[in-house]
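Structure, as structure tokens:
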Amino acid sequence: MIRLGKPAIQPADLDLVRDVVASGNLVQGELVARFEQEIAAYVGCREAIAVSSGTAALHLALLALGVGPGDRVILPAYSFIATANAVAISGAEPVFVDVDPDSHAMCPARLDQALERLAREDPPARVAAIVPVHPFGRMAPMPEILELAGRRDIPVVEDAACALGAAIGTRKAGCWGTLGCLSFHPRKILTTGEGGMVLSDDDRLADAIRALRNHGIRVSDHGPDSTMPGFNYRMTELAAALGLPQFARLESTLERLDELAATYDTLLAGRSWLRTWRRPTGTRPVYQAYVVEVDTDQGPDQQTIRQRARDAGVEIGIGTWHMPLAGWCRDHYHHRPGDFPVTDRIAAQSLSLPLHLELDRSQQERVVEVLTHGLD
Ligand SMILES: *Cc1c(COP(=O)(O)O)cnc(C)c1O
């Protein structure tokens, strides 16, 4: 089976994990702090707070901003369901906007329309945050989104779960918004098994997030005390030990993923029924996934292609979720096909091809052969 993804962990990475086990200090140690410092320095923000998952990072980012019941939070319709779940578990109502057909990220024009509509409600809705997502490691149009948010003084939380290392110009994903969130799930660029991180330049928010991840505990001259009810959303030392050596290789990992993506681009070029993604100039994507769109009017549907590929030994995934049509969103907010036409189309037509460091050219050729069989 040619697998969709595979973590970029090497046997030598386990040495540090073994050291942690031998030390007996499994949580709240030096490696988590080092991992935070290294990622903060790389991304280019003052503060990084490691947590137990990307979902925990989003949850704490929203709570630190004071997002809660009665608030609205605007997010793109097309993302992994965790983005919407984090909004809902914070108590706020998710307001979805359709995505751009090229970038698959939040469409600024649709965002503007949603902001206008919410401002006209009586009483006007309180939009407590805007949560753009960098889909598959492609940058969302951050300058446009920040401009619209800034006009109304709305904080931006970047869901950069898939986008460690992506950038517009030299400014990296995760340091555009008031807060940025990373994930270290096995399907992401770098994995700690489960893990996540919140990034920020705001000391006060970072302090709140540090307390919230650890039972609400802050340390003063009188010692530690719980200053608010918090969670246990901490990252373990074992996780940080797995992350640090992968982080040291990050640039070479990203370059290799770039090369693999370029090979797919070449192998797949020139087909009217298949659309590959073109990177906009001036931006650096990271290939967390290699996603193409197939014209299902001209050929079989997504599930047929995936099943046929599986039978031929190639694992092909969907792009990501149509969140408004996920069970609880649909039941609660009565979203229907047609409400988000771009998301309707790309959610039905996107396919994610195998992409990981162990893939070689002949396997990529095999993937393309299986994908295009009978369609050219
Ligand atoms: C993976 C992912 C998350 C959730 O991260 P976890 O670490 O799995 O909790 C959130 N948003 C997006 C866009 C993701 O891809």
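Here's how to read the names in the structure tokens: chain A, B, ... by the order shown, residue numbers from 1 in each chain, ligand numbers from 1 in the order shown.
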Just want the residues within 9 Å of ligand 1, written as a ChimeraX atom specification, counting only C-alpha atoms and all ligand atoms. /A:52-58,78-84,86,133-137,159-163,181-188,193-196,320
Taking N, CA, C and O atoms for each residue, export the selection above as a compact mmCIF listing (two decimals), in the first residue's frame.
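After the write, selection_29.txt holds the following:
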```
# COMPACT_ATOMS: atom_id res chain seq x y z
N SER A 52 -1.47 20.22 24.42
CA SER A 52 -1.64 18.80 24.15
C SER A 52 -2.18 18.50 22.75
O SER A 52 -2.13 17.35 22.32
N SER A 53 -2.72 19.49 22.04
CA SER A 53 -3.20 19.27 20.67
C SER A 53 -3.46 20.61 19.99
O SER A 53 -3.51 21.66 20.66
N GLY A 54 -3.67 20.56 18.69
CA GLY A 54 -4.04 21.76 17.96
C GLY A 54 -5.42 22.27 18.38
O GLY A 54 -5.66 23.48 18.43
N THR A 55 -6.30 21.33 18.70
CA THR A 55 -7.64 21.71 19.16
C THR A 55 -7.56 22.43 20.50
O THR A 55 -8.23 23.44 20.72
N ALA A 56 -6.70 21.93 21.40
CA ALA A 56 -6.49 22.61 22.69
C ALA A 56 -5.92 24.01 22.46
O ALA A 56 -6.31 24.97 23.14
N ALA A 57 -5.02 24.14 21.50
CA ALA A 57 -4.43 25.45 21.19
C ALA A 57 -5.54 26.43 20.76
O ALA A 57 -5.61 27.56 21.26
N LEU A 58 -6.41 25.99 19.85
CA LEU A 58 -7.50 26.85 19.39
C LEU A 58 -8.45 27.20 20.54
O LEU A 58 -8.88 28.34 20.70
N TYR A 78 -14.57 25.55 4.86
CA TYR A 78 -13.79 24.38 4.44
C TYR A 78 -12.56 24.22 5.33
O TYR A 78 -11.57 24.94 5.18
N SER A 79 -12.63 23.31 6.29
CA SER A 79 -11.48 23.03 7.17
C SER A 79 -11.77 21.75 7.93
O SER A 79 -12.89 21.25 7.94
N PHE A 80 -10.75 21.23 8.61
CA PHE A 80 -11.00 20.10 9.49
C PHE A 80 -11.96 20.55 10.59
O PHE A 80 -11.88 21.68 11.09
N ILE A 81 -12.86 19.66 10.99
CA ILE A 81 -13.96 20.01 11.90
C ILE A 81 -13.47 20.56 13.25
O ILE A 81 -14.22 21.25 13.94
N ALA A 82 -12.22 20.29 13.62
CA ALA A 82 -11.68 20.79 14.89
C ALA A 82 -11.78 22.31 14.98
O ALA A 82 -11.97 22.86 16.07
N THR A 83 -11.66 23.01 13.85
CA THR A 83 -11.73 24.48 13.87
C THR A 83 -13.10 24.92 14.39
O THR A 83 -13.20 25.78 15.27
N ALA A 84 -14.16 24.32 13.85
CA ALA A 84 -15.52 24.67 14.30
C ALA A 84 -15.78 24.15 15.70
O ALA A 84 -16.44 24.81 16.52
N ALA A 86 -13.71 23.86 18.18
CA ALA A 86 -13.08 24.73 19.17
C ALA A 86 -13.94 25.97 19.42
O ALA A 86 -14.09 26.42 20.57
N VAL A 133 -7.99 29.92 8.25
CA VAL A 133 -7.24 28.65 8.24
C VAL A 133 -6.30 28.68 7.04
O VAL A 133 -6.68 29.17 5.97
N HIS A 134 -5.09 28.16 7.21
CA HIS A 134 -4.16 27.99 6.07
C HIS A 134 -4.33 26.56 5.58
O HIS A 134 -3.70 25.64 6.11
N PRO A 135 -5.19 26.34 4.56
CA PRO A 135 -5.53 24.97 4.21
C PRO A 135 -4.36 24.21 3.58
O PRO A 135 -3.73 24.73 2.66
N PHE A 136 -4.07 23.06 4.08
CA PHE A 136 -3.01 22.18 3.54
C PHE A 136 -1.64 22.86 3.54
O PHE A 136 -0.74 22.45 2.80
N GLY A 137 -1.48 23.94 4.34
CA GLY A 137 -0.21 24.66 4.37
C GLY A 137 -0.12 25.79 3.35
O GLY A 137 0.93 26.40 3.18
N ASP A 159 -5.62 29.67 12.41
CA ASP A 159 -5.50 28.22 12.51
C ASP A 159 -4.39 27.81 11.54
O ASP A 159 -4.62 27.59 10.35
N ALA A 160 -3.17 27.75 12.09
CA ALA A 160 -1.99 27.39 11.28
C ALA A 160 -1.60 25.94 11.54
O ALA A 160 -0.43 25.57 11.43
N ALA A 161 -2.61 25.11 11.87
CA ALA A 161 -2.36 23.71 12.23
C ALA A 161 -1.49 22.99 11.20
O ALA A 161 -0.63 22.19 11.55
N CYS A 162 -1.73 23.29 9.92
CA CYS A 162 -1.03 22.58 8.84
C CYS A 162 0.14 23.37 8.29
O CYS A 162 0.75 22.96 7.31
N ALA A 163 0.43 24.54 8.86
CA ALA A 163 1.22 25.52 8.12
C ALA A 163 2.54 25.93 8.78
O ALA A 163 3.05 27.01 8.49
N CYS A 181 -2.18 29.25 15.99
CA CYS A 181 -2.25 27.91 16.56
C CYS A 181 -1.64 26.88 15.62
O CYS A 181 -1.95 26.86 14.44
N LEU A 182 -0.77 26.04 16.18
CA LEU A 182 -0.14 24.95 15.42
C LEU A 182 -0.64 23.60 15.93
O LEU A 182 -1.05 23.50 17.09
N SER A 183 -0.57 22.59 15.07
CA SER A 183 -0.85 21.22 15.50
C SER A 183 0.35 20.34 15.19
O SER A 183 1.02 20.53 14.18
N PHE A 184 0.59 19.37 16.06
CA PHE A 184 1.66 18.39 15.84
C PHE A 184 1.08 16.97 15.76
O PHE A 184 1.70 16.01 16.21
N HIS A 185 -0.13 16.89 15.23
CA HIS A 185 -0.76 15.58 14.97
C HIS A 185 0.06 14.84 13.91
O HIS A 185 0.75 15.47 13.09
N PRO A 186 0.01 13.49 13.88
CA PRO A 186 0.82 12.75 12.90
C PRO A 186 0.59 13.12 11.43
O PRO A 186 1.44 12.84 10.59
N ARG A 187 -0.53 13.75 11.11
CA ARG A 187 -0.77 14.14 9.71
C ARG A 187 -0.19 15.52 9.39
O ARG A 187 -0.37 16.02 8.29
N LYS A 188 0.52 16.13 10.33
CA LYS A 188 1.04 17.48 10.09
C LYS A 188 2.54 17.43 9.75
O LYS A 188 3.16 16.38 9.79
N GLY A 193 3.13 13.08 18.10
CA GLY A 193 2.06 12.13 18.43
C GLY A 193 0.77 12.92 18.48
O GLY A 193 0.03 12.98 17.51
N GLU A 194 0.49 13.52 19.61
CA GLU A 194 -0.50 14.58 19.70
C GLU A 194 0.24 15.80 20.24
O GLU A 194 1.17 15.65 21.03
N GLY A 195 -0.18 16.98 19.86
CA GLY A 195 0.46 18.18 20.41
C GLY A 195 0.01 19.40 19.65
O GLY A 195 -0.56 19.31 18.56
N GLY A 196 0.27 20.54 20.24
CA GLY A 196 -0.08 21.80 19.58
C GLY A 196 0.68 22.94 20.22
O GLY A 196 1.42 22.74 21.19
N THR A 320 -10.43 18.30 2.67
CA THR A 320 -10.80 18.39 4.07
C THR A 320 -12.32 18.49 4.17
O THR A 320 -13.01 18.17 3.20
```
I want to know what sits within 9 Å of A:Val67, based on only C-alpha atoms, with residues of the same chain fewer than 4 positions away left out; could you give that as a PyMOL selection string? chain A and resi 61-63+71-73+87+90-92+128-129
Residues as selected, N, CA, C and O atoms, written as a compact mmCIF listing (two decimals), in the first residue's frame, can you do that?
```
# COMPACT_ATOMS: atom_id res chain seq x y z
N ALA A 61 -6.76 29.70 22.84
CA ALA A 61 -6.63 31.00 22.18
C ALA A 61 -7.96 31.76 22.26
O ALA A 61 -7.99 32.95 22.59
N LEU A 62 -9.06 31.05 21.99
CA LEU A 62 -10.38 31.70 22.02
C LEU A 62 -10.74 32.11 23.45
O LEU A 62 -11.22 33.23 23.69
N LEU A 63 -10.50 31.23 24.42
CA LEU A 63 -10.83 31.55 25.82
C LEU A 63 -10.01 32.75 26.31
O LEU A 63 -10.53 33.62 27.01
N ASP A 71 -21.31 35.19 21.77
CA ASP A 71 -20.40 35.73 20.76
C ASP A 71 -20.53 34.96 19.45
O ASP A 71 -20.93 33.80 19.43
N ARG A 72 -20.12 35.63 18.37
CA ARG A 72 -19.96 34.94 17.08
C ARG A 72 -18.47 34.88 16.78
O ARG A 72 -17.72 35.79 17.14
N VAL A 73 -18.10 33.83 16.09
CA VAL A 73 -16.72 33.69 15.60
C VAL A 73 -16.80 33.31 14.13
O VAL A 73 -17.52 32.36 13.77
N VAL A 87 -14.53 26.51 18.37
CA VAL A 87 -15.41 27.67 18.52
C VAL A 87 -16.63 27.29 19.37
O VAL A 87 -16.98 27.98 20.32
N SER A 90 -16.00 26.68 23.07
CA SER A 90 -15.76 27.92 23.81
C SER A 90 -17.10 28.60 24.14
O SER A 90 -17.13 29.56 24.91
N GLY A 91 -18.18 28.12 23.57
CA GLY A 91 -19.51 28.65 23.86
C GLY A 91 -20.04 29.59 22.80
O GLY A 91 -21.20 29.99 22.83
N ALA A 92 -19.18 29.97 21.84
CA ALA A 92 -19.59 30.92 20.80
C ALA A 92 -20.28 30.21 19.64
O ALA A 92 -20.22 28.98 19.52
N ALA A 128 -16.44 38.09 18.11
CA ALA A 128 -15.36 38.09 19.10
C ALA A 128 -14.02 37.69 18.48
O ALA A 128 -12.97 37.96 19.07
N ALA A 129 -14.05 37.03 17.35
CA ALA A 129 -12.80 36.63 16.69
C ALA A 129 -13.07 36.21 15.25
O ALA A 129 -14.19 35.82 14.90
```
What lies within 9 Å of stretch 4-8 of chain A using only C-alpha atoms, ignoring chain neighbours under 3 positions off, as a compact mmCIF listing (two decimals) with all heavy atoms, in the first residue's frame?
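The resulting file, around_31.txt, is shown below:
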```
# COMPACT_ATOMS: atom_id res chain seq x y z
N PRO A 186 0.01 13.49 13.88
CA PRO A 186 0.82 12.75 12.90
C PRO A 186 0.59 13.12 11.43
O PRO A 186 1.44 12.84 10.59
CB PRO A 186 0.40 11.29 13.16
CG PRO A 186 -0.03 11.27 14.58
CD PRO A 186 -0.63 12.62 14.86
N ARG A 187 -0.53 13.75 11.11
CA ARG A 187 -0.77 14.14 9.71
C ARG A 187 -0.19 15.52 9.39
O ARG A 187 -0.37 16.02 8.29
CB ARG A 187 -2.28 14.15 9.42
CG ARG A 187 -2.84 12.78 9.11
CD ARG A 187 -2.45 12.28 7.71
NE ARG A 187 -3.11 13.03 6.65
CZ ARG A 187 -2.54 13.34 5.48
NH1 ARG A 187 -1.29 12.99 5.23
NH2 ARG A 187 -3.22 14.01 4.57
N LYS A 188 0.52 16.13 10.33
CA LYS A 188 1.04 17.48 10.09
C LYS A 188 2.54 17.43 9.75
O LYS A 188 3.16 16.38 9.79
CB LYS A 188 0.78 18.36 11.31
CG LYS A 188 -0.68 18.33 11.79
CD LYS A 188 -1.67 18.83 10.75
CE LYS A 188 -3.05 18.26 10.93
NZ LYS A 188 -3.99 19.02 11.69
N ILE A 189 3.08 18.60 9.42
CA ILE A 189 4.48 18.72 8.99
C ILE A 189 5.46 18.13 10.00
O ILE A 189 6.47 17.53 9.64
CB ILE A 189 4.80 20.23 8.77
CG1 ILE A 189 3.97 20.78 7.61
CG2 ILE A 189 6.29 20.48 8.62
CD1 ILE A 189 4.44 20.40 6.24
N LEU A 190 5.17 18.33 11.25
CA LEU A 190 6.04 17.85 12.34
C LEU A 190 5.11 17.24 13.37
O LEU A 190 4.05 17.81 13.66
CB LEU A 190 6.77 19.06 12.91
CG LEU A 190 7.78 18.91 14.04
CD1 LEU A 190 8.68 20.14 14.06
CD2 LEU A 190 7.13 18.75 15.40
N THR A 191 5.45 16.07 13.92
CA THR A 191 4.52 15.46 14.86
C THR A 191 5.16 15.10 16.20
O THR A 191 6.31 14.67 16.26
CB THR A 191 3.84 14.21 14.27
OG1 THR A 191 2.84 13.77 15.20
CG2 THR A 191 4.81 13.08 14.00
N GLN A 246 13.00 16.53 14.99
CA GLN A 246 12.31 16.78 13.72
C GLN A 246 12.37 18.25 13.37
O GLN A 246 12.50 18.62 12.19
CB GLN A 246 10.82 16.40 13.82
CG GLN A 246 10.51 14.95 13.74
CD GLN A 246 9.04 14.73 14.05
OE1 GLN A 246 8.17 15.00 13.23
NE2 GLN A 246 8.74 14.25 15.25
N THR A 253 13.08 19.00 5.46
CA THR A 253 11.80 18.31 5.28
C THR A 253 10.91 19.10 4.32
O THR A 253 10.33 18.55 3.37
CB THR A 253 11.06 18.15 6.63
OG1 THR A 253 11.87 17.37 7.50
CG2 THR A 253 9.70 17.49 6.47
N ALA A 289 -0.14 18.61 2.67
CA ALA A 289 -0.83 17.62 1.83
C ALA A 289 -0.73 18.09 0.39
O ALA A 289 -0.58 19.27 0.13
CB ALA A 289 -2.30 17.50 2.26
N VAL A 314 -3.23 2.11 -3.45
CA VAL A 314 -2.84 3.51 -3.25
C VAL A 314 -3.88 4.19 -2.36
O VAL A 314 -5.08 4.16 -2.67
CB VAL A 314 -2.74 4.26 -4.59
CG1 VAL A 314 -2.47 5.74 -4.36
CG2 VAL A 314 -1.63 3.66 -5.46
N GLU A 315 -3.40 4.79 -1.28
CA GLU A 315 -4.31 5.45 -0.36
C GLU A 315 -4.50 6.91 -0.80
O GLU A 315 -3.54 7.67 -0.83
CB GLU A 315 -3.72 5.40 1.06
CG GLU A 315 -4.70 5.73 2.15
CD GLU A 315 -4.07 5.62 3.54
OE1 GLU A 315 -2.84 5.42 3.66
OE2 GLU A 315 -4.81 5.77 4.50
N ILE A 316 -5.72 7.25 -1.16
CA ILE A 316 -6.04 8.63 -1.56
C ILE A 316 -7.11 9.14 -0.59
O ILE A 316 -8.07 8.44 -0.29
CB ILE A 316 -6.52 8.68 -3.03
CG1 ILE A 316 -5.32 8.40 -3.96
CG2 ILE A 316 -7.14 10.04 -3.37
CD1 ILE A 316 -5.65 8.45 -5.45
N GLY A 317 -6.91 10.36 -0.10
CA GLY A 317 -7.84 10.92 0.88
C GLY A 317 -8.72 12.00 0.26
O GLY A 317 -8.57 12.35 -0.91
N SER A 352 -6.63 14.11 -1.90
CA SER A 352 -5.32 14.29 -1.31
C SER A 352 -4.47 13.07 -1.68
O SER A 352 -4.87 11.94 -1.43
CB SER A 352 -5.52 14.40 0.21
OG SER A 352 -4.31 14.53 0.85
N LEU A 353 -3.35 13.32 -2.33
CA LEU A 353 -2.50 12.21 -2.82
C LEU A 353 -1.41 11.88 -1.80
O LEU A 353 -1.03 12.73 -1.00
CB LEU A 353 -1.85 12.60 -4.16
CG LEU A 353 -2.80 13.06 -5.27
CD1 LEU A 353 -2.02 13.19 -6.59
CD2 LEU A 353 -3.98 12.12 -5.45
N PRO A 354 -0.88 10.66 -1.84
CA PRO A 354 0.18 10.29 -0.90
C PRO A 354 1.32 11.29 -0.93
O PRO A 354 1.78 11.68 -2.01
CB PRO A 354 0.63 8.92 -1.41
CG PRO A 354 -0.59 8.34 -2.05
CD PRO A 354 -1.26 9.53 -2.71
N LEU A 355 1.75 11.71 0.24
CA LEU A 355 2.86 12.66 0.33
C LEU A 355 3.58 12.46 1.66
O LEU A 355 3.02 12.72 2.72
CB LEU A 355 2.34 14.10 0.23
CG LEU A 355 3.45 15.16 0.09
CD1 LEU A 355 4.08 15.09 -1.29
CD2 LEU A 355 2.90 16.55 0.36
N HIS A 356 4.79 11.96 1.59
CA HIS A 356 5.63 11.82 2.78
C HIS A 356 7.06 11.58 2.34
O HIS A 356 7.31 11.31 1.15
CB HIS A 356 5.12 10.70 3.69
CG HIS A 356 4.96 9.37 3.01
ND1 HIS A 356 6.02 8.54 2.77
CD2 HIS A 356 3.87 8.76 2.50
CE1 HIS A 356 5.58 7.46 2.16
NE2 HIS A 356 4.28 7.56 1.97
N LEU A 357 7.99 11.65 3.28
CA LEU A 357 9.41 11.67 2.92
C LEU A 357 9.92 10.35 2.34
O LEU A 357 10.95 10.33 1.68
CB LEU A 357 10.26 12.06 4.13
CG LEU A 357 10.01 13.46 4.69
CD1 LEU A 357 10.99 13.76 5.79
CD2 LEU A 357 10.06 14.53 3.61
N GLU A 358 9.19 9.27 2.57
CA GLU A 358 9.68 7.98 2.06
C GLU A 358 9.20 7.67 0.65
O GLU A 358 9.54 6.64 0.07
CB GLU A 358 9.28 6.86 3.02
CG GLU A 358 10.07 6.93 4.32
CD GLU A 358 9.60 5.92 5.36
OE1 GLU A 358 9.02 4.89 4.98
OE2 GLU A 358 9.81 6.21 6.54
```
I'd like to know which of A:Ile49, A:Leu250, A:Val292, A:Ala77 is closest to A:Leu325, using only C-alpha atoms. A:Ala77
Among stretch 67-251 of chain A, which ones does DSSP place in strand (DSSP E or B), written as a PyMOL selection string? chain A and resi 72-76+78+93-97+99+106+127-130+133+156-159+167-168+171-172+179-183+196-200+214+217-220+223-226+232+234+236
Which residues, written as an MDAnalysis selection string, have at least one atom at most 9 Å from stretch 229-233 of chain A, with only C-alpha atoms counted and residues fewer than 6 positions away on the same chain left out? chainID A and resid 50:53 56:57 60 211:217
